[in-house]
file start-v3.cif (mmCIF, C-alpha atoms)
data_final
#
loop_
_atom_site.label_atom_id
_atom_site.label_comp_id
_atom_site.auth_asym_id
_atom_site.auth_seq_id
_atom_site.Cartn_x
_atom_site.Cartn_y
_atom_site.Cartn_z
CA SER A 1 -32.35 136.10 140.27
CA GLU A 2 -35.55 138.06 140.97
CA LYS A 3 -33.51 141.28 140.65
CA ILE A 4 -32.32 140.45 137.14
CA ASP A 5 -34.20 141.00 133.89
CA ALA A 6 -32.90 139.67 130.59
CA VAL A 7 -33.52 141.97 127.65
CA PRO A 8 -33.01 140.26 124.28
CA ASN A 9 -31.66 141.99 121.18
CA ALA A 10 -34.41 143.80 119.36
CA VAL A 11 -35.38 145.72 116.26
CA ASP A 12 -37.72 148.68 115.99
CA PRO A 13 -40.96 147.46 114.36
CA ASP A 14 -41.55 151.05 113.18
CA VAL A 15 -38.32 150.83 111.14
CA PHE A 16 -38.70 147.21 110.01
CA TYR A 17 -42.24 146.56 108.83
CA PRO A 18 -43.87 144.90 105.83
CA GLU A 19 -44.07 147.35 102.96
CA ILE A 20 -46.75 146.95 100.38
CA ALA A 21 -44.74 145.06 97.83
CA ARG A 22 -45.25 142.06 95.64
CA ARG A 23 -43.26 139.11 96.96
CA THR A 24 -40.88 137.80 94.34
CA ARG A 25 -39.72 134.19 94.13
CA SER A 26 -36.54 135.26 95.84
CA ILE A 27 -34.36 134.04 98.66
CA LEU A 28 -32.53 136.69 100.66
CA TYR A 29 -29.35 136.53 102.72
CA VAL A 30 -28.17 139.59 104.65
CA GLY A 31 -24.95 139.72 106.64
CA ARG A 32 -21.21 139.42 106.57
CA ILE A 33 -19.78 137.50 103.62
CA THR A 34 -17.80 135.03 105.71
CA ALA A 35 -17.53 131.24 105.84
CA GLU A 36 -19.17 130.86 109.26
CA LYS A 37 -22.42 132.24 107.83
CA GLY A 38 -22.77 129.18 105.56
CA ILE A 39 -23.45 131.04 102.32
CA ASP A 40 -21.71 128.26 100.39
CA VAL A 41 -24.28 125.80 101.79
CA LEU A 42 -27.06 128.07 100.55
CA LEU A 43 -25.46 128.23 97.10
CA LYS A 44 -25.13 124.43 96.99
CA ALA A 45 -28.84 124.16 97.82
CA MET A 46 -29.81 126.37 94.87
CA PRO A 47 -29.61 123.68 92.13
CA LEU A 48 -32.01 121.52 94.19
CA VAL A 49 -34.34 124.49 94.69
CA LEU A 50 -34.23 125.34 90.98
CA LYS A 51 -35.41 121.83 90.04
CA ASP A 52 -38.73 122.55 91.79
CA VAL A 53 -38.81 126.34 91.49
CA PRO A 54 -36.98 127.22 88.24
CA ASP A 55 -37.58 130.98 88.55
CA ALA A 56 -36.12 131.27 92.08
CA THR A 57 -33.37 133.80 92.68
CA LEU A 58 -30.93 134.40 95.53
CA LEU A 59 -29.88 137.89 96.58
CA ILE A 60 -26.84 138.21 98.85
CA VAL A 61 -26.62 141.51 100.73
CA GLY A 62 -23.49 142.41 102.65
CA PRO A 63 -20.22 144.28 102.45
CA GLU A 64 -17.94 143.25 99.60
CA LYS A 65 -14.96 143.14 101.93
CA TYR A 66 -14.95 142.13 105.56
CA GLY A 67 -11.66 142.35 107.38
CA LEU A 68 -9.17 140.37 105.34
CA GLU A 69 -12.05 138.60 103.59
CA ARG A 70 -11.10 135.45 105.44
CA GLY A 71 -8.94 134.16 102.60
CA GLY A 72 -11.07 135.46 99.72
CA TYR A 73 -14.36 133.83 100.68
CA ARG A 74 -16.40 136.07 98.34
CA GLU A 75 -14.19 135.01 95.42
CA GLN A 76 -14.69 131.38 96.42
CA LEU A 77 -18.45 131.97 96.34
CA ILE A 78 -18.24 133.53 92.88
CA GLN A 79 -16.30 130.50 91.65
CA LEU A 80 -18.83 128.14 93.26
CA ILE A 81 -21.69 129.98 91.52
CA LYS A 82 -19.93 129.43 88.17
CA THR A 83 -19.22 125.77 88.96
CA LEU A 84 -22.88 125.19 89.87
CA LYS A 85 -23.98 127.09 86.72
CA ILE A 86 -26.40 129.29 88.68
CA GLU A 87 -25.05 132.71 87.61
CA LYS A 88 -28.47 133.81 86.29
CA HIS A 89 -30.08 133.06 89.66
CA VAL A 90 -27.66 134.70 92.12
CA ALA A 91 -26.74 138.35 92.66
CA PHE A 92 -24.64 140.28 95.16
CA ALA A 93 -26.08 143.63 96.28
CA GLY A 94 -23.20 144.88 98.43
CA THR A 95 -24.01 147.28 101.25
CA ILE A 96 -27.41 149.00 101.02
CA SER A 97 -29.42 151.65 102.89
CA MET A 98 -31.88 150.81 105.67
CA ASN A 99 -34.83 151.78 103.44
CA ASP A 100 -33.60 149.52 100.64
CA LEU A 101 -33.01 146.73 103.15
CA ARG A 102 -36.59 146.96 104.43
CA LYS A 103 -37.85 146.82 100.81
CA MET A 104 -35.72 143.75 100.09
CA TYR A 105 -36.99 141.98 103.21
CA SER A 106 -40.56 142.88 102.20
CA GLN A 107 -40.14 141.62 98.62
CA ALA A 108 -38.31 138.38 99.39
CA SER A 109 -40.27 135.16 99.72
CA VAL A 110 -37.87 133.78 102.32
CA PHE A 111 -34.86 134.91 104.33
CA CYS A 112 -32.07 132.40 105.05
CA LEU A 113 -29.36 132.43 107.68
CA PRO A 114 -27.58 129.09 107.12
CA ALA A 115 -24.92 129.64 109.82
CA VAL A 116 -22.48 126.80 110.40
CA TRP A 117 -21.01 128.19 113.63
CA ARG A 118 -22.62 128.93 116.98
CA GLU A 119 -24.35 132.11 115.80
CA PRO A 120 -24.95 134.05 119.03
CA PHE A 121 -28.21 135.70 117.96
CA GLY A 122 -28.93 136.52 114.32
CA LEU A 123 -30.31 140.07 114.31
CA THR A 124 -31.10 139.80 110.60
CA LEU A 125 -33.60 137.04 111.41
CA ILE A 126 -35.73 139.37 113.51
CA GLU A 127 -35.38 142.18 110.98
CA ALA A 128 -36.83 139.85 108.32
CA MET A 129 -39.52 138.58 110.71
CA ALA A 130 -40.57 142.16 111.49
CA CYS A 131 -41.16 142.57 107.73
CA GLU A 132 -43.41 139.45 107.71
CA THR A 133 -40.82 137.49 105.74
CA PRO A 134 -40.63 133.77 106.57
CA VAL A 135 -37.18 132.81 107.83
CA ILE A 136 -34.99 129.73 107.75
CA GLY A 137 -32.10 129.31 110.14
CA THR A 138 -29.83 126.55 111.28
CA ASP A 139 -30.19 124.78 114.61
CA VAL A 140 -27.05 126.33 116.12
CA GLY A 141 -26.18 128.84 118.83
CA GLY A 142 -28.95 131.30 119.66
CA ILE A 143 -30.96 130.80 116.46
CA PRO A 144 -33.35 128.18 117.98
CA GLU A 145 -34.21 130.72 120.71
CA ILE A 146 -35.48 133.07 118.02
CA ILE A 147 -37.28 130.89 115.50
CA SER A 148 -39.45 127.83 115.24
CA GLU A 149 -42.44 127.07 113.05
CA SER A 150 -44.73 128.51 115.74
CA LYS A 151 -42.63 131.71 115.81
CA GLY A 152 -42.39 132.32 112.07
CA GLY A 153 -39.53 130.23 110.79
CA LEU A 154 -38.04 126.85 110.03
CA LEU A 155 -34.92 125.30 111.55
CA VAL A 156 -32.61 123.01 109.58
CA LYS A 157 -29.41 121.16 110.47
CA PRO A 158 -26.21 123.10 109.82
CA HIS A 159 -24.33 121.99 106.66
CA SER A 160 -27.45 120.11 105.39
CA ILE A 161 -27.84 121.14 101.77
CA GLU A 162 -30.86 118.88 101.29
CA GLU A 163 -32.73 120.06 104.39
CA LEU A 164 -32.12 123.69 103.51
CA ALA A 165 -33.33 123.14 99.94
CA GLU A 166 -36.47 121.33 101.18
CA ALA A 167 -37.31 124.16 103.58
CA ILE A 168 -36.84 126.79 100.86
CA ILE A 169 -38.96 124.81 98.39
CA ARG A 170 -41.69 124.36 101.01
CA ILE A 171 -41.93 128.13 101.55
CA LEU A 172 -41.64 129.07 97.85
CA SER A 173 -44.23 126.47 96.83
CA ASP A 174 -46.93 127.18 99.42
CA ALA A 175 -48.06 130.81 99.52
CA ASN A 176 -50.52 130.26 102.40
CA PHE A 177 -47.89 128.53 104.53
CA ALA A 178 -45.40 131.31 103.76
CA ARG A 179 -47.93 134.05 104.56
CA ASN A 180 -48.83 132.40 107.89
CA LEU A 181 -45.16 131.99 108.81
CA GLY A 182 -44.58 135.65 108.00
CA LYS A 183 -47.47 136.81 110.19
CA LYS A 184 -46.26 134.60 113.07
CA GLY A 185 -42.78 136.10 112.69
CA ARG A 186 -44.05 139.68 112.86
CA LYS A 187 -46.12 138.82 115.93
CA THR A 188 -43.12 137.19 117.62
CA VAL A 189 -41.06 140.35 117.07
CA THR A 190 -43.76 142.77 118.28
CA ASP A 191 -44.62 140.59 121.29
CA LYS A 192 -41.01 140.16 122.42
#

call {"tool": "encode", "arguments": {"input": "start-v3.cif", "output": "structure tokens"}}
result
Amino acid sequence: SEKIDAVPNAVDPDVFYPEIARRTRSILYVGRITAEKGIDVLLKAMPLVLKDVPDATLLIVGPEKYGLERGGYREQLIQLIKTLKIEKHVAFAGTISMNDLRKMYSQASVFCLPAVWREPFGLTLIEAMACETPVIGTDVGGIPEIISESKGGLLVKPHSIEELAEAIIRILSDANFARNLGKKGRKTVTDK
């Protein structure tokens, strides 16, 4: 074992860094638009978030089609948005450039990865952390190895709409807490 080094996945902190941008009251998701990522859980949390933070918005970044779209998951999400009556608070951005992605991370108040499967790592979490954006992830797979409150993020139970909403509200409602989480996240990325 003394001959083996483990090198975790990483991002370049010279590519992902906090830009000078005003943080909006926005929640950001970046990744594949597939059921295992738990985007439907995030959408179901939005009405609870909007009760406390009525100007909150959710931006979903990711390719419009992934493989066979896993049975039309994106269309299911669009229908769920209509059913929840949150159309004015949710937008899909599709695939974007690296520069635009860094700007979106830097402008968002919080990044969410509400995975409901054993997410092996969650590269988007450390991209967001490198941009000093507080992150929320689910306590599954490799996510707990990346984030904790001391490392710049909050963990919630998978499938827990209420816990996810509470964590989002906590970050959106407390600018000092959010700023401190963001700084811890950047430090975690640069240290590791």

call {"tool": "resolve_selection", "arguments": {"input": "start-v3.cif", "expression": "the PyMOL selection byres ((chain A and resi 43) around 12)", "output": "ChimeraX atom specification"}}
result
/A:27-29,37-42,44-50,57-60,76-87,89-91,112,114,159-162,164-165

call {"tool": "atom_distance", "arguments": {"input": "start-v3.cif", "atom1": "CA of Asp139 (chain A)", "atom2": "CA of Lys157 (chain A)"}}
result
5.6 Å

call {"tool": "residues_around", "arguments": {"input": "start-v3.cif", "residues": "Arg32 (chain A)", "least_positions_apart": "2", "cutoff": "12 Å", "atoms": "all atoms listed in the file", "output": "list in words"}}
result
Tyr29, Val30, Thr34, Ala35, Glu36, Lys37, Gly38, Ile39, Ile60, Val61, Gly62, Pro63, Glu64, Lys65, Tyr66, Gly67, Glu69, Arg70, Tyr73, Arg74, Phe92, Gly94, Thr95, Leu113, Ala115, Gly122, Leu123 and Thr124 of chain A

call {"tool": "atom_distance", "arguments": {"input": "start-v3.cif", "atom1": "CA of Val53 (chain A)", "atom2": "CA of Arg25 (chain A)"}}
result
8.3 Å

call {"tool": "closest_residue", "arguments": {"input": "start-v3.cif", "among": "A:Gly153, A:Pro158, A:Pro134, A:Pro144", "to": "Pro18 (chain A)", "atoms": "all atoms listed in the file"}}
result
A:Pro134

call {"tool": "resolve_selection", "arguments": {"input": "start-v3.cif", "expression": "the PyMOL selection byres ((chain A and resi 192) around 12)", "output": "PDB file with C-alpha atoms, in the coordinates of the input"}}
result
ATOM      1  CA  ALA A   6     -32.900 139.670 130.590  1.00  0.00           C
ATOM      2  CA  VAL A   7     -33.520 141.970 127.650  1.00  0.00           C
ATOM      3  CA  PRO A   8     -33.010 140.260 124.280  1.00  0.00           C
ATOM      4  CA  ASN A   9     -31.660 141.990 121.180  1.00  0.00           C
ATOM      5  CA  ALA A  10     -34.410 143.800 119.360  1.00  0.00           C
ATOM      6  CA  VAL A  11     -35.380 145.720 116.260  1.00  0.00           C
ATOM      7  CA  ASP A  12     -37.720 148.680 115.990  1.00  0.00           C
ATOM      8  CA  PRO A  13     -40.960 147.460 114.360  1.00  0.00           C
ATOM      9  CA  ILE A 126     -35.730 139.370 113.510  1.00  0.00           C
ATOM     10  CA  MET A 129     -39.520 138.580 110.710  1.00  0.00           C
ATOM     11  CA  ALA A 130     -40.570 142.160 111.490  1.00  0.00           C
ATOM     12  CA  GLU A 145     -34.210 130.720 120.710  1.00  0.00           C
ATOM     13  CA  ILE A 146     -35.480 133.070 118.020  1.00  0.00           C
ATOM     14  CA  LYS A 151     -42.630 131.710 115.810  1.00  0.00           C
ATOM     15  CA  GLY A 185     -42.780 136.100 112.690  1.00  0.00           C
ATOM     16  CA  ARG A 186     -44.050 139.680 112.860  1.00  0.00           C
ATOM     17  CA  LYS A 187     -46.120 138.820 115.930  1.00  0.00           C
ATOM     18  CA  THR A 188     -43.120 137.190 117.620  1.00  0.00           C
ATOM     19  CA  VAL A 189     -41.060 140.350 117.070  1.00  0.00           C
ATOM     20  CA  THR A 190     -43.760 142.770 118.280  1.00  0.00           C
ATOM     21  CA  ASP A 191     -44.620 140.590 121.290  1.00  0.00           C
TER      22      ASP A 191
END

call {"tool": "resolve_selection", "arguments": {"input": "start-v3.cif", "expression": "the PyMOL selection byres ((chain A and resi 118) around 8)", "output": "PyMOL selection string"}}
result
chain A and resi 115-117+119-120+140-142

call {"tool": "write_last_selection", "arguments": {"input": "start-v3.cif", "atoms": "C-alpha atoms", "output": "mmCIF file, keeping the file's coordinate frame"}}
result
data_model
loop_
_atom_site.group_PDB
_atom_site.id
_atom_site.type_symbol
_atom_site.label_atom_id
_atom_site.label_comp_id
_atom_site.auth_asym_id
_atom_site.auth_seq_id
_atom_site.Cartn_x
_atom_site.Cartn_y
_atom_site.Cartn_z
ATOM 1 C CA ALA A 115 -24.920 129.640 109.820
ATOM 2 C CA VAL A 116 -22.480 126.800 110.400
ATOM 3 C CA TRP A 117 -21.010 128.190 113.630
ATOM 4 C CA GLU A 119 -24.350 132.110 115.800
ATOM 5 C CA PRO A 120 -24.950 134.050 119.030
ATOM 6 C CA VAL A 140 -27.050 126.330 116.120
ATOM 7 C CA GLY A 141 -26.180 128.840 118.830
ATOM 8 C CA GLY A 142 -28.950 131.300 119.660
#

call {"tool": "closest_residue", "arguments": {"input": "start-v3.cif", "among": "A:Ile147, A:Ile20, A:Val156, A:Ala128", "to": "Val110 (chain A)", "atoms": "only C-alpha atoms"}}
result
A:Ala128
